[in-house]
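protein11.pdb (PDB, C-alpha atoms (C1' of nucleotides)) appears below.
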```
ATOM      1  CA  MET A   1     100.765  91.816 152.431
ATOM      2  CA  SER A   2     104.394  91.033 151.756
ATOM      3  CA  VAL A   3     103.693  87.449 150.779
ATOM      4  CA  LEU A   4     100.265  87.689 149.139
ATOM      5  CA  ALA A   5      98.919  84.162 149.337
ATOM      6  CA  THR A   6      96.568  83.421 146.482
ATOM      7  CA  PRO A   7      93.713  83.754 146.734
ATOM      8  CA  VAL A   8      94.138  86.608 149.168
ATOM      9  CA  PRO A   9      91.660  85.902 151.972
ATOM     10  CA  ALA A  10      89.265  88.776 152.538
ATOM     11  CA  ARG A  11      89.920  88.864 156.274
ATOM     12  CA  GLU A  12      93.654  88.910 155.839
ATOM     13  CA  TYR A  13      93.337  91.815 153.458
ATOM     14  CA  ASP A  14      91.045  93.746 155.767
ATOM     15  CA  SER A  15      93.290  93.259 158.757
ATOM     16  CA  CYS A  16      96.468  94.196 156.882
ATOM     17  CA  PRO A  17      98.025  97.378 158.310
ATOM     18  CA  VAL A  18      98.680  98.774 154.867
ATOM     19  CA  THR A  19      95.078  98.232 153.839
ATOM     20  CA  ARG A  20      93.840  99.861 157.009
ATOM     21  CA  ALA A  21      96.168 102.821 156.533
ATOM     22  CA  VAL A  22      95.166 103.584 152.940
ATOM     23  CA  HIS A  23      91.510 103.120 153.791
ATOM     24  CA  ARG A  24      91.820 105.632 156.606
ATOM     25  CA  LEU A  25      93.769 108.068 154.426
ATOM     26  CA  GLY A  26      91.167 107.599 151.725
ATOM     27  CA  GLU A  27      88.351 108.904 153.899
ATOM     28  CA  LYS A  28      87.090 112.176 152.592
ATOM     29  CA  TRP A  29      88.807 114.701 154.862
ATOM     30  CA  THR A  30      91.551 112.704 156.552
ATOM     31  CA  LEU A  31      94.405 113.801 154.319
ATOM     32  CA  LEU A  32      93.546 117.466 154.703
ATOM     33  CA  VAL A  33      93.296 117.248 158.483
ATOM     34  CA  ILE A  34      96.689 115.551 158.638
ATOM     35  CA  MET A  35      98.263 118.160 156.382
ATOM     36  CA  LEU A  36      96.872 121.026 158.470
ATOM     37  CA  LEU A  37      98.032 119.424 161.692
ATOM     38  CA  GLY A  38     101.359 118.784 159.995
ATOM     39  CA  LYS A  39     101.856 122.537 159.784
ATOM     40  CA  ARG A  40     101.072 123.206 163.426
ATOM     41  CA  PRO A  41      98.653 122.233 166.183
ATOM     42  CA  HIS A  42      95.103 123.454 165.695
ATOM     43  CA  ARG A  43      92.110 124.030 167.900
ATOM     44  CA  TYR A  44      88.798 122.535 166.921
ATOM     45  CA  ASN A  45      87.319 125.620 165.352
ATOM     46  CA  GLU A  46      90.568 126.442 163.626
ATOM     47  CA  LEU A  47      90.284 123.155 161.801
ATOM     48  CA  HIS A  48      86.623 123.756 161.170
ATOM     49  CA  ARG A  49      87.223 127.189 159.699
ATOM     50  CA  GLY A  50      90.282 125.929 157.840
ATOM     51  CA  ILE A  51      88.357 123.318 155.905
ATOM     52  CA  GLU A  52      85.641 124.646 153.669
ATOM     53  CA  GLY A  53      82.655 122.347 153.500
ATOM     54  CA  ILE A  54      83.280 119.994 156.399
ATOM     55  CA  SER A  55      80.557 119.595 159.005
ATOM     56  CA  GLN A  56      81.158 119.566 162.733
ATOM     57  CA  ARG A  57      80.013 115.998 162.994
ATOM     58  CA  ILE A  58      82.417 114.757 160.334
ATOM     59  CA  LEU A  59      85.331 116.808 161.591
ATOM     60  CA  THR A  60      84.852 115.387 165.067
ATOM     61  CA  ARG A  61      84.635 111.876 163.714
ATOM     62  CA  THR A  62      87.733 112.356 161.554
ATOM     63  CA  VAL A  63      89.992 113.638 164.324
ATOM     64  CA  ARG A  64      88.694 111.080 166.803
ATOM     65  CA  LEU A  65      89.450 108.211 164.441
ATOM     66  CA  LEU A  66      92.933 109.606 163.899
ATOM     67  CA  GLU A  67      93.281 109.830 167.654
ATOM     68  CA  ALA A  68      92.181 106.198 168.011
ATOM     69  CA  ASP A  69      94.822 105.286 165.440
ATOM     70  CA  GLY A  70      97.460 107.066 167.498
ATOM     71  CA  LEU A  71      98.256 109.643 164.841
ATOM     72  CA  VAL A  72      96.684 112.633 166.553
ATOM     73  CA  SER A  73      96.575 113.699 170.175
ATOM     74  CA  ARG A  74      93.674 115.574 171.686
ATOM     75  CA  THR A  75      94.354 117.839 174.638
ATOM     76  CA  VAL A  76      91.533 119.451 176.590
ATOM     77  CA  HIS A  77      92.425 122.593 178.502
ATOM     78  CA  PRO A  78      89.826 122.960 181.269
ATOM     79  CA  THR A  79      89.269 126.649 180.737
ATOM     80  CA  VAL A  80      86.078 128.606 180.217
ATOM     81  CA  PRO A  81      85.271 128.466 177.403
ATOM     82  CA  PRO A  82      86.871 125.084 176.784
ATOM     83  CA  GLN A  83      89.903 124.792 174.564
ATOM     84  CA  VAL A  84      90.853 121.628 172.728
ATOM     85  CA  GLU A  85      94.118 121.290 170.900
ATOM     86  CA  TYR A  86      94.774 118.706 168.237
ATOM     87  CA  ARG A  87      98.291 117.892 167.152
ATOM     88  CA  LEU A  88     100.144 115.116 165.406
ATOM     89  CA  THR A  89     101.734 112.496 167.637
ATOM     90  CA  PRO A  90     105.273 111.313 166.800
ATOM     91  CA  ALA A  91     103.649 108.505 164.820
ATOM     92  CA  GLY A  92     101.569 111.086 162.986
ATOM     93  CA  GLU A  93     104.645 113.167 162.272
ATOM     94  CA  SER A  94     106.430 110.115 160.935
ATOM     95  CA  LEU A  95     103.605 109.571 158.467
ATOM     96  CA  LEU A  96     104.447 112.850 156.777
ATOM     97  CA  VAL A  97     107.593 111.342 155.294
ATOM     98  CA  PRO A  98     106.053 108.537 153.206
ATOM     99  CA  LEU A  99     103.066 110.769 152.594
ATOM    100  CA  ASN A 100     105.244 113.432 151.029
ATOM    101  CA  ALA A 101     106.849 110.765 148.879
ATOM    102  CA  LEU A 102     103.408 109.707 147.722
ATOM    103  CA  ALA A 103     102.470 113.345 147.187
ATOM    104  CA  GLY A 104     105.475 113.836 144.963
ATOM    105  CA  TRP A 105     104.478 110.819 142.952
ATOM    106  CA  ALA A 106     100.871 112.001 142.708
ATOM    107  CA  VAL A 107     101.867 115.411 141.420
ATOM    108  CA  GLU A 108     103.876 113.669 138.715
ATOM    109  CA  HIS A 109     101.345 111.058 137.721
ATOM    110  CA  TYR A 110      97.851 112.178 138.710
TER     111      TYR A 110
ATOM    112  CA  MET B 111      98.478 121.129 148.497
ATOM    113  CA  SER B 112     101.962 122.476 149.000
ATOM    114  CA  VAL B 113     100.758 125.910 150.007
ATOM    115  CA  LEU B 114      97.476 125.194 151.806
ATOM    116  CA  ALA B 115      95.619 128.465 151.657
ATOM    117  CA  THR B 116      93.312 128.872 154.629
ATOM    118  CA  PRO B 117      90.525 128.089 154.476
ATOM    119  CA  VAL B 118      91.278 125.326 152.005
ATOM    120  CA  PRO B 119      88.608 125.646 149.303
ATOM    121  CA  ALA B 120      86.637 122.446 148.850
ATOM    122  CA  ARG B 121      87.146 122.446 145.086
ATOM    123  CA  GLU B 122      90.852 122.955 145.352
ATOM    124  CA  TYR B 123      91.090 120.048 147.749
ATOM    125  CA  ASP B 124      89.020 117.771 145.536
ATOM    126  CA  SER B 125      91.047 118.591 142.447
ATOM    127  CA  CYS B 126      94.396 118.145 144.198
ATOM    128  CA  PRO B 127      96.373 115.240 142.692
ATOM    129  CA  VAL B 128      97.352 113.952 146.110
ATOM    130  CA  THR B 129      93.761 113.943 147.277
ATOM    131  CA  ARG B 130      92.653 112.163 144.159
ATOM    132  CA  ALA B 131      95.404 109.577 144.528
ATOM    133  CA  VAL B 132      94.647 108.679 148.142
ATOM    134  CA  HIS B 133      90.936 108.601 147.444
ATOM    135  CA  ARG B 134      91.486 106.159 144.613
ATOM    136  CA  LEU B 135      93.874 104.056 146.692
ATOM    137  CA  GLY B 136      91.350 104.110 149.490
ATOM    138  CA  GLU B 137      88.685 102.397 147.432
ATOM    139  CA  LYS B 138      87.971  99.007 148.798
ATOM    140  CA  TRP B 139      89.973  96.754 146.478
ATOM    141  CA  THR B 140      92.318  99.128 144.663
ATOM    142  CA  LEU B 141      95.386  98.468 146.781
ATOM    143  CA  LEU B 142      95.069  94.724 146.421
ATOM    144  CA  VAL B 143      94.649  94.877 142.654
ATOM    145  CA  ILE B 144      97.740  97.067 142.373
ATOM    146  CA  MET B 145      99.774  94.716 144.558
ATOM    147  CA  LEU B 146      98.736  91.669 142.523
ATOM    148  CA  LEU B 147      99.528  93.421 139.262
ATOM    149  CA  GLY B 148     102.787  94.558 140.806
ATOM    150  CA  LYS B 149     103.837  90.919 140.991
ATOM    151  CA  ARG B 150     103.013  90.113 137.392
ATOM    152  CA  PRO B 151     100.357  90.709 134.726
ATOM    153  CA  HIS B 152      97.047  88.980 135.354
ATOM    154  CA  ARG B 153      94.103  87.950 133.275
ATOM    155  CA  TYR B 154      90.649  88.958 134.393
ATOM    156  CA  ASN B 155      89.705  85.687 136.014
ATOM    157  CA  GLU B 156      93.106  85.364 137.614
ATOM    158  CA  LEU B 157      92.414  88.570 139.443
ATOM    159  CA  HIS B 158      88.903  87.438 140.232
ATOM    160  CA  ARG B 159      90.068  84.149 141.677
ATOM    161  CA  GLY B 160      92.984  85.846 143.378
ATOM    162  CA  ILE B 161      90.776  88.163 145.416
ATOM    163  CA  GLU B 162      88.385  86.450 147.759
ATOM    164  CA  GLY B 163      85.110  88.284 148.079
ATOM    165  CA  ILE B 164      85.238  90.696 145.140
ATOM    166  CA  SER B 165      82.382  90.689 142.661
ATOM    167  CA  GLN B 166      82.812  90.804 138.901
ATOM    168  CA  ARG B 167      81.151  94.161 138.713
ATOM    169  CA  ILE B 168      83.460  95.736 141.248
ATOM    170  CA  LEU B 169      86.589  94.130 139.871
ATOM    171  CA  THR B 170      85.763  95.445 136.418
ATOM    172  CA  ARG B 171      85.084  98.900 137.770
ATOM    173  CA  THR B 172      88.292  98.894 139.802
ATOM    174  CA  VAL B 173      90.608  97.945 136.942
ATOM    175  CA  ARG B 174      88.849 100.265 134.519
ATOM    176  CA  LEU B 175      89.272 103.216 136.853
ATOM    177  CA  LEU B 176      92.933 102.370 137.248
ATOM    178  CA  GLU B 177      93.161 102.187 133.492
ATOM    179  CA  ALA B 178      91.519 105.600 133.190
ATOM    180  CA  ASP B 179      94.095 106.903 135.649
ATOM    181  CA  GLY B 180      96.887 105.526 133.493
ATOM    182  CA  LEU B 181      98.165 103.111 136.120
ATOM    183  CA  VAL B 182      96.983  99.908 134.465
ATOM    184  CA  SER B 183      96.898  98.819 130.843
ATOM    185  CA  ARG B 184      94.248  96.532 129.444
ATOM    186  CA  THR B 185      95.143  94.380 126.459
ATOM    187  CA  VAL B 186      92.517  92.356 124.633
ATOM    188  CA  HIS B 187      93.814  89.379 122.695
ATOM    189  CA  PRO B 188      91.212  88.631 120.016
ATOM    190  CA  THR B 189      91.202  84.893 120.544
ATOM    191  CA  VAL B 190      88.332  82.500 121.177
ATOM    192  CA  PRO B 191      87.619  82.539 124.017
ATOM    193  CA  PRO B 192      88.747  86.124 124.584
ATOM    194  CA  GLN B 193      91.764  86.851 126.716
ATOM    195  CA  VAL B 194      92.303  90.131 128.523
ATOM    196  CA  GLU B 195      95.551  90.960 130.216
ATOM    197  CA  TYR B 196      95.943  93.622 132.844
ATOM    198  CA  ARG B 197      99.336  94.941 133.807
ATOM    199  CA  LEU B 198     100.822  98.002 135.464
ATOM    200  CA  THR B 199     101.926 100.795 133.185
ATOM    201  CA  PRO B 200     105.274 102.500 133.862
ATOM    202  CA  ALA B 201     103.329 105.045 135.915
ATOM    203  CA  GLY B 202     101.740 102.194 137.831
ATOM    204  CA  GLU B 203     105.115 100.587 138.429
ATOM    205  CA  SER B 204     106.465 103.877 139.696
ATOM    206  CA  LEU B 205     103.690 104.003 142.256
ATOM    207  CA  LEU B 206     105.089 100.906 143.912
ATOM    208  CA  VAL B 207     108.036 102.880 145.264
ATOM    209  CA  PRO B 208     106.173 105.418 147.427
ATOM    210  CA  LEU B 209     103.572 102.760 148.149
ATOM    211  CA  ASN B 210     106.189 100.463 149.610
ATOM    212  CA  ALA B 211     107.471 103.332 151.707
ATOM    213  CA  LEU B 212     103.956 103.874 153.014
ATOM    214  CA  ALA B 213     103.598 100.146 153.574
ATOM    215  CA  GLY B 214     106.733 100.096 155.665
ATOM    216  CA  TRP B 215     105.385 102.945 157.743
ATOM    217  CA  ALA B 216     102.000 101.242 158.139
ATOM    218  CA  VAL B 217     103.548  98.005 159.363
ATOM    219  CA  GLU B 218     105.383 100.043 161.992
ATOM    220  CA  HIS B 219     102.535 102.252 163.101
ATOM    221  CA  TYR B 220      99.205 100.599 162.243
TER     222      TYR B 220
ATOM    223  C1'  DC C 221      86.424  83.975 129.218
ATOM    224  C1'  DA C 222      85.399  88.386 130.370
ATOM    225  C1'  DG C 223      82.446  90.856 131.093
ATOM    226  C1'  DC C 224      77.317  93.794 131.176
ATOM    227  C1'  DA C 225      72.461  94.817 133.071
ATOM    228  C1'  DT C 226      69.608  95.158 136.776
ATOM    229  C1'  DC C 227      68.395  95.721 141.218
ATOM    230  C1'  DC C 228      69.435  96.416 146.045
ATOM    231  C1'  DA C 229      71.466  97.204 151.013
ATOM    232  C1'  DG C 230      74.151  99.705 153.752
ATOM    233  C1'  DA C 231      77.981 102.659 154.834
ATOM    234  C1'  DG C 232      79.440 107.056 154.772
ATOM    235  C1'  DC C 233      78.637 111.660 154.575
ATOM    236  C1'  DG C 234      76.001 115.737 155.513
ATOM    237  C1'  DA C 235      72.334 119.449 157.272
ATOM    238  C1'  DT C 236      70.318 121.196 161.118
ATOM    239  C1'  DA C 237      69.298 122.068 165.796
ATOM    240  C1'  DC C 238      70.746 121.912 170.376
ATOM    241  C1'  DT C 239      74.155 121.989 174.752
ATOM    242  C1'  DG C 240      77.823 121.677 178.848
TER     243       DG C 240
ATOM    244  C1'  DC D 241      84.138 126.810 172.221
ATOM    245  C1'  DA D 242      83.714 122.328 171.157
ATOM    246  C1'  DG D 243      81.146 119.526 170.576
ATOM    247  C1'  DT D 244      76.347 115.918 170.628
ATOM    248  C1'  DA D 245      71.733 114.334 168.741
ATOM    249  C1'  DT D 246      68.673 113.377 164.860
ATOM    250  C1'  DC D 247      67.464 112.717 160.628
ATOM    251  C1'  DG D 248      68.139 112.142 155.719
ATOM    252  C1'  DC D 249      70.301 111.042 151.570
ATOM    253  C1'  DT D 250      73.815 109.868 148.152
ATOM    254  C1'  DC D 251      76.648 106.677 146.342
ATOM    255  C1'  DT D 252      79.763 102.903 146.867
ATOM    256  C1'  DG D 253      79.804  98.335 146.887
ATOM    257  C1'  DG D 254      77.398  93.840 146.204
ATOM    258  C1'  DA D 255      74.085  89.801 144.515
ATOM    259  C1'  DT D 256      72.308  87.709 140.695
ATOM    260  C1'  DG D 257      71.423  86.468 136.069
ATOM    261  C1'  DC D 258      72.636  86.906 131.324
ATOM    262  C1'  DT D 259      75.846  87.346 126.894
ATOM    263  C1'  DG D 260      79.294  88.178 122.734
TER     264       DG D 260
END
```
Encoding of this model in structure tokens:
Amino acid sequence: MSVLATPVPAREYDSCPVTRAVHRLGEKWTLLVIMLLGKRPHRYNELHRGIEGISQRILTRTVRLLEADGLVSRTVHPTVPPQVEYRLTPAGESLLVPLNALAGWAVEHY
Amino acid sequence: MSVLATPVPAREYDSCPVTRAVHRLGEKWTLLVIMLLGKRPHRYNELHRGIEGISQRILTRTVRLLEADGLVSRTVHPTVPPQVEYRLTPAGESLLVPLNALAGWAVEHY
DNA sequence: CAGCATCCAGAGCGATACTG
DNA sequence: CAGTATCGCTCTGGATGCTG
């Protein structure tokens, strides 16, 4: 993305880390999940109750994709009933910095 | 978004400037259009040729939405044939700063 | 040149019911 | 509690042809 050959090949664009990041952040609930986990770790139903309107299916998909991206860790405590804790990884924490910069910009300009 | 009442009401989330910004940036071609216009102003077909795989319909929609958001200006020169120049507004230029910060993060972590 | 009109496929998102 | 399994739909994104 730093060079931007013209025309920009579709595959190069799709595989660009920046593209992939904004596309992930642009998914409907991703930002909110990250912000909640940025405050503190949450259990599954804490997230579910904390986000009005999200379905279980979509919440699960959202956190699992973030986990696959390395931004969120998922810890299962083998208790009865089961307990699953989601928290930001160091990479996830580090996202909060540029994200807050973007948030500041958005509040100014959006 | 700074306070995050729990549960976060769906409407409040949707109307949040940060949410709206990342959702717009997350649209398929938005980032690329902004990066191209960040280099220099472009005419319509320059953008079209500069982005492999985008359709006219989607390119038009993308730049018009950015225009509606105040990030891009659209100038029609009443010549024959017509000439339309797209460029970043000051607000659009100012987006490049936090966007580059996010880009740096993405290259590190995505 | 810079679009618009029309039609269409598929991804993404969601509601609901069920379970280890 | 923390999910999975189905099913359904909206809505974004795209292909194609036409125009001031």
Residues at most 12 Å from B:Gly148, counting all atoms listed in the file, excluding those fewer than 6 positions away in the same chain, as a ChimeraX atom specification? /A:2,4 /B:141-142,181-182,196-207,209-210
Close residues, D:DC258 itself excluded, 12 Å, only C-alpha atoms (C1' of nucleotides), min 5 positions apart in chain, as a ChimeraX atom specification: /C:223-226
Which residue out of A:Thr62, A:Glu108, A:Leu102, A:Glu46 has the minimum interatomic distance to chain B when only C-alpha atoms are used?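 The answer is A:Leu102, which sits nearest to chain B.
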Restrict the distance test to all atoms listed in the file, flag each residue of chain B within 8 Å of chain A, and return the flagged residues as number ranges by chain. B: 114, 116-120, 123, 127-138, 141-142, 146, 159-163, 179, 201, 204-205, 208-209, 211-213, 215-217, 219-220
The PyMOL selection byres ((chain D and resi 242) around 10) applied to the shown file, residues as an MDAnalysis selection string: (chainID A and resid 43:45 56 60 76 81:84) or (chainID C and resid 240) or (chainID D and resid 241 243:244)
Can you move chain A onto chain B by a least-squares fit over all C-alpha atoms paired in order, then give me the moved copy as an mmCIF file with C-alpha atoms, in the frame of the given file?
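File written: out-v4.cif
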```cif
data_model
loop_
_atom_site.group_PDB
_atom_site.id
_atom_site.type_symbol
_atom_site.label_atom_id
_atom_site.label_comp_id
_atom_site.auth_asym_id
_atom_site.auth_seq_id
_atom_site.Cartn_x
_atom_site.Cartn_y
_atom_site.Cartn_z
ATOM 1 C CA MET A 1 98.475 121.159 148.469
ATOM 2 C CA SER A 2 101.971 122.477 149.000
ATOM 3 C CA VAL A 3 100.783 125.919 150.014
ATOM 4 C CA LEU A 4 97.498 125.176 151.790
ATOM 5 C CA ALA A 5 95.634 128.462 151.656
ATOM 6 C CA THR A 6 93.315 128.853 154.605
ATOM 7 C CA PRO A 7 90.534 128.098 154.467
ATOM 8 C CA VAL A 8 91.282 125.331 152.010
ATOM 9 C CA PRO A 9 88.616 125.650 149.310
ATOM 10 C CA ALA A 10 86.656 122.449 148.833
ATOM 11 C CA ARG A 11 87.166 122.448 145.073
ATOM 12 C CA GLU A 12 90.879 122.960 145.357
ATOM 13 C CA TYR A 13 91.095 120.049 147.741
ATOM 14 C CA ASP A 14 89.026 117.790 145.521
ATOM 15 C CA SER A 15 91.051 118.596 142.445
ATOM 16 C CA CYS A 16 94.406 118.150 144.188
ATOM 17 C CA PRO A 17 96.362 115.231 142.690
ATOM 18 C CA VAL A 18 97.356 113.960 146.100
ATOM 19 C CA THR A 19 93.757 113.962 147.273
ATOM 20 C CA ARG A 20 92.650 112.156 144.151
ATOM 21 C CA ALA A 21 95.410 109.578 144.525
ATOM 22 C CA VAL A 22 94.679 108.686 148.153
ATOM 23 C CA HIS A 23 90.963 108.596 147.451
ATOM 24 C CA ARG A 24 91.531 106.150 144.619
ATOM 25 C CA LEU A 25 93.908 104.039 146.712
ATOM 26 C CA GLY A 26 91.375 104.123 149.517
ATOM 27 C CA GLU A 27 88.700 102.406 147.454
ATOM 28 C CA LYS A 28 87.995 98.986 148.802
ATOM 29 C CA TRP A 29 89.977 96.738 146.458
ATOM 30 C CA THR A 30 92.322 99.117 144.664
ATOM 31 C CA LEU A 31 95.395 98.465 146.778
ATOM 32 C CA LEU A 32 95.078 94.712 146.419
ATOM 33 C CA VAL A 33 94.647 94.878 142.652
ATOM 34 C CA ILE A 34 97.740 97.061 142.366
ATOM 35 C CA MET A 35 99.775 94.724 144.550
ATOM 36 C CA LEU A 36 98.744 91.675 142.511
ATOM 37 C CA LEU A 37 99.522 93.422 139.250
ATOM 38 C CA GLY A 38 102.781 94.556 140.813
ATOM 39 C CA LYS A 39 103.841 90.920 140.994
ATOM 40 C CA ARG A 40 103.020 90.130 137.385
ATOM 41 C CA PRO A 41 100.374 90.722 134.730
ATOM 42 C CA HIS A 42 97.068 88.987 135.357
ATOM 43 C CA ARG A 43 94.109 87.964 133.272
ATOM 44 C CA TYR A 44 90.653 88.951 134.388
ATOM 45 C CA ASN A 45 89.715 85.685 136.006
ATOM 46 C CA GLU A 46 93.117 85.363 137.598
ATOM 47 C CA LEU A 47 92.419 88.576 139.442
ATOM 48 C CA HIS A 48 88.917 87.438 140.218
ATOM 49 C CA ARG A 49 90.081 84.138 141.654
ATOM 50 C CA GLY A 50 92.990 85.846 143.392
ATOM 51 C CA ILE A 51 90.776 88.147 145.410
ATOM 52 C CA GLU A 52 88.381 86.436 147.750
ATOM 53 C CA GLY A 53 85.094 88.265 148.045
ATOM 54 C CA ILE A 54 85.244 90.675 145.130
ATOM 55 C CA SER A 55 82.390 90.655 142.636
ATOM 56 C CA GLN A 56 82.830 90.761 138.887
ATOM 57 C CA ARG A 57 81.156 94.117 138.682
ATOM 58 C CA ILE A 58 83.452 95.712 141.247
ATOM 59 C CA LEU A 59 86.587 94.114 139.868
ATOM 60 C CA THR A 60 85.762 95.436 136.418
ATOM 61 C CA ARG A 61 85.078 98.880 137.788
ATOM 62 C CA THR A 62 88.297 98.875 139.821
ATOM 63 C CA VAL A 63 90.609 97.935 136.959
ATOM 64 C CA ARG A 64 88.846 100.263 134.541
ATOM 65 C CA LEU A 65 89.260 103.220 136.879
ATOM 66 C CA LEU A 66 92.931 102.362 137.276
ATOM 67 C CA GLU A 67 93.157 102.180 133.510
ATOM 68 C CA ALA A 68 91.514 105.606 133.207
ATOM 69 C CA ASP A 69 94.091 106.910 135.672
ATOM 70 C CA GLY A 70 96.880 105.537 133.505
ATOM 71 C CA LEU A 71 98.157 103.116 136.121
ATOM 72 C CA VAL A 72 96.982 99.920 134.465
ATOM 73 C CA SER A 73 96.888 98.837 130.848
ATOM 74 C CA ARG A 74 94.240 96.546 129.450
ATOM 75 C CA THR A 75 95.132 94.398 126.466
ATOM 76 C CA VAL A 76 92.507 92.377 124.625
ATOM 77 C CA HIS A 77 93.780 89.397 122.670
ATOM 78 C CA PRO A 78 91.156 88.637 120.009
ATOM 79 C CA THR A 79 91.177 84.908 120.553
ATOM 80 C CA VAL A 80 88.337 82.498 121.195
ATOM 81 C CA PRO A 81 87.632 82.526 124.040
ATOM 82 C CA PRO A 82 88.733 86.111 124.603
ATOM 83 C CA GLN A 83 91.774 86.859 126.700
ATOM 84 C CA VAL A 84 92.314 90.135 128.505
ATOM 85 C CA GLU A 85 95.563 90.962 130.201
ATOM 86 C CA TYR A 86 95.933 93.624 132.843
ATOM 87 C CA ARG A 87 99.330 94.957 133.788
ATOM 88 C CA LEU A 88 100.817 97.984 135.466
ATOM 89 C CA THR A 89 101.907 100.805 133.180
ATOM 90 C CA PRO A 90 105.261 102.505 133.877
ATOM 91 C CA ALA A 91 103.317 105.046 135.928
ATOM 92 C CA GLY A 92 101.720 102.190 137.837
ATOM 93 C CA GLU A 93 105.099 100.593 138.421
ATOM 94 C CA SER A 94 106.461 103.882 139.694
ATOM 95 C CA LEU A 95 103.687 104.006 142.275
ATOM 96 C CA LEU A 96 105.076 100.895 143.921
ATOM 97 C CA VAL A 97 108.019 102.860 145.280
ATOM 98 C CA PRO A 98 106.163 105.411 147.436
ATOM 99 C CA LEU A 99 103.569 102.761 148.162
ATOM 100 C CA ASN A 100 106.181 100.458 149.631
ATOM 101 C CA ALA A 101 107.456 103.341 151.722
ATOM 102 C CA LEU A 102 103.945 103.878 153.019
ATOM 103 C CA ALA A 103 103.582 100.142 153.581
ATOM 104 C CA GLY A 104 106.713 100.112 155.681
ATOM 105 C CA TRP A 105 105.359 102.954 157.739
ATOM 106 C CA ALA A 106 101.982 101.248 158.124
ATOM 107 C CA VAL A 107 103.526 98.029 159.362
ATOM 108 C CA GLU A 108 105.360 100.060 161.989
ATOM 109 C CA HIS A 109 102.509 102.267 163.091
ATOM 110 C CA TYR A 110 99.185 100.635 162.240
#
```
Once you count only C-alpha atoms (C1' of nucleotides), what closest atom pair and distance in Å to one decimal does each residue of chain D within 9 Å of chain B have, with rows by chain and rising residue number, as a tab-separated table?
```
residue	atom	partner	partner_atom	distance
D:DT252	C1'	B:Glu137	CA	9.0
D:DG253	C1'	B:Ile168	CA	7.2
D:DG254	C1'	B:Ser165	CA	6.9
D:DA255	C1'	B:Ser165	CA	8.5
```
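Coordinates place atom CA of B:Arg171 at a distance of 15.5 Å from atom CA of B:Leu147.
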Contact set, chain C to chain A: 10 Å, all atoms listed in the file, as a PDB file with C-alpha atoms (C1' of nucleotides), in the coordinates of the input:
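For reference, out-v7.pdb as written:
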```
ATOM      1  C1'  DG C 232      79.440 107.056 154.772  1.00  0.00           C
ATOM      2  C1'  DC C 233      78.637 111.660 154.575  1.00  0.00           C
ATOM      3  C1'  DG C 234      76.001 115.737 155.513  1.00  0.00           C
ATOM      4  C1'  DA C 235      72.334 119.449 157.272  1.00  0.00           C
ATOM      5  C1'  DG C 240      77.823 121.677 178.848  1.00  0.00           C
TER       6       DG C 240
END
```
Skip D:DT246 itself and residues of its chain fewer than 2 positions away, then list as a PyMOL selection string all residues within 10 Å of it, counting only C-alpha atoms (C1' of nucleotides). (chain C and resi 236-237) or (chain D and resi 244+248)
For atom CA of A:Arg64 and atom C1' of D:DT250, determine how far apart the two atoms are, in Å to one decimal place.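 Calculated distance between atom CA of A:Arg64 and atom C1' of D:DT250 is 23.9 Å.
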For a test of reading the model, state the distance in Å between atom CA of B:His187 and atom C1' of C:DC221, rounded to one decimal. 11.2 Å
Padding 4 Å on every side, please: axis-aligned box over the listed atoms of stretch 178-181 of chain B, centre and edge lengths to one decimal in Å, as JSON.
```
{"center_x": 94.8, "center_y": 105.0, "center_z": 134.7, "size_x": 14.6, "size_y": 11.8, "size_z": 10.9}
```
Tell me which of B:Glu195, B:Val173, B:Val190, B:Ser125 sits closest to B:Arg150, counting all atoms listed in the file.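 The shortest atom-to-atom distance to B:Arg150 comes from B:Glu195.
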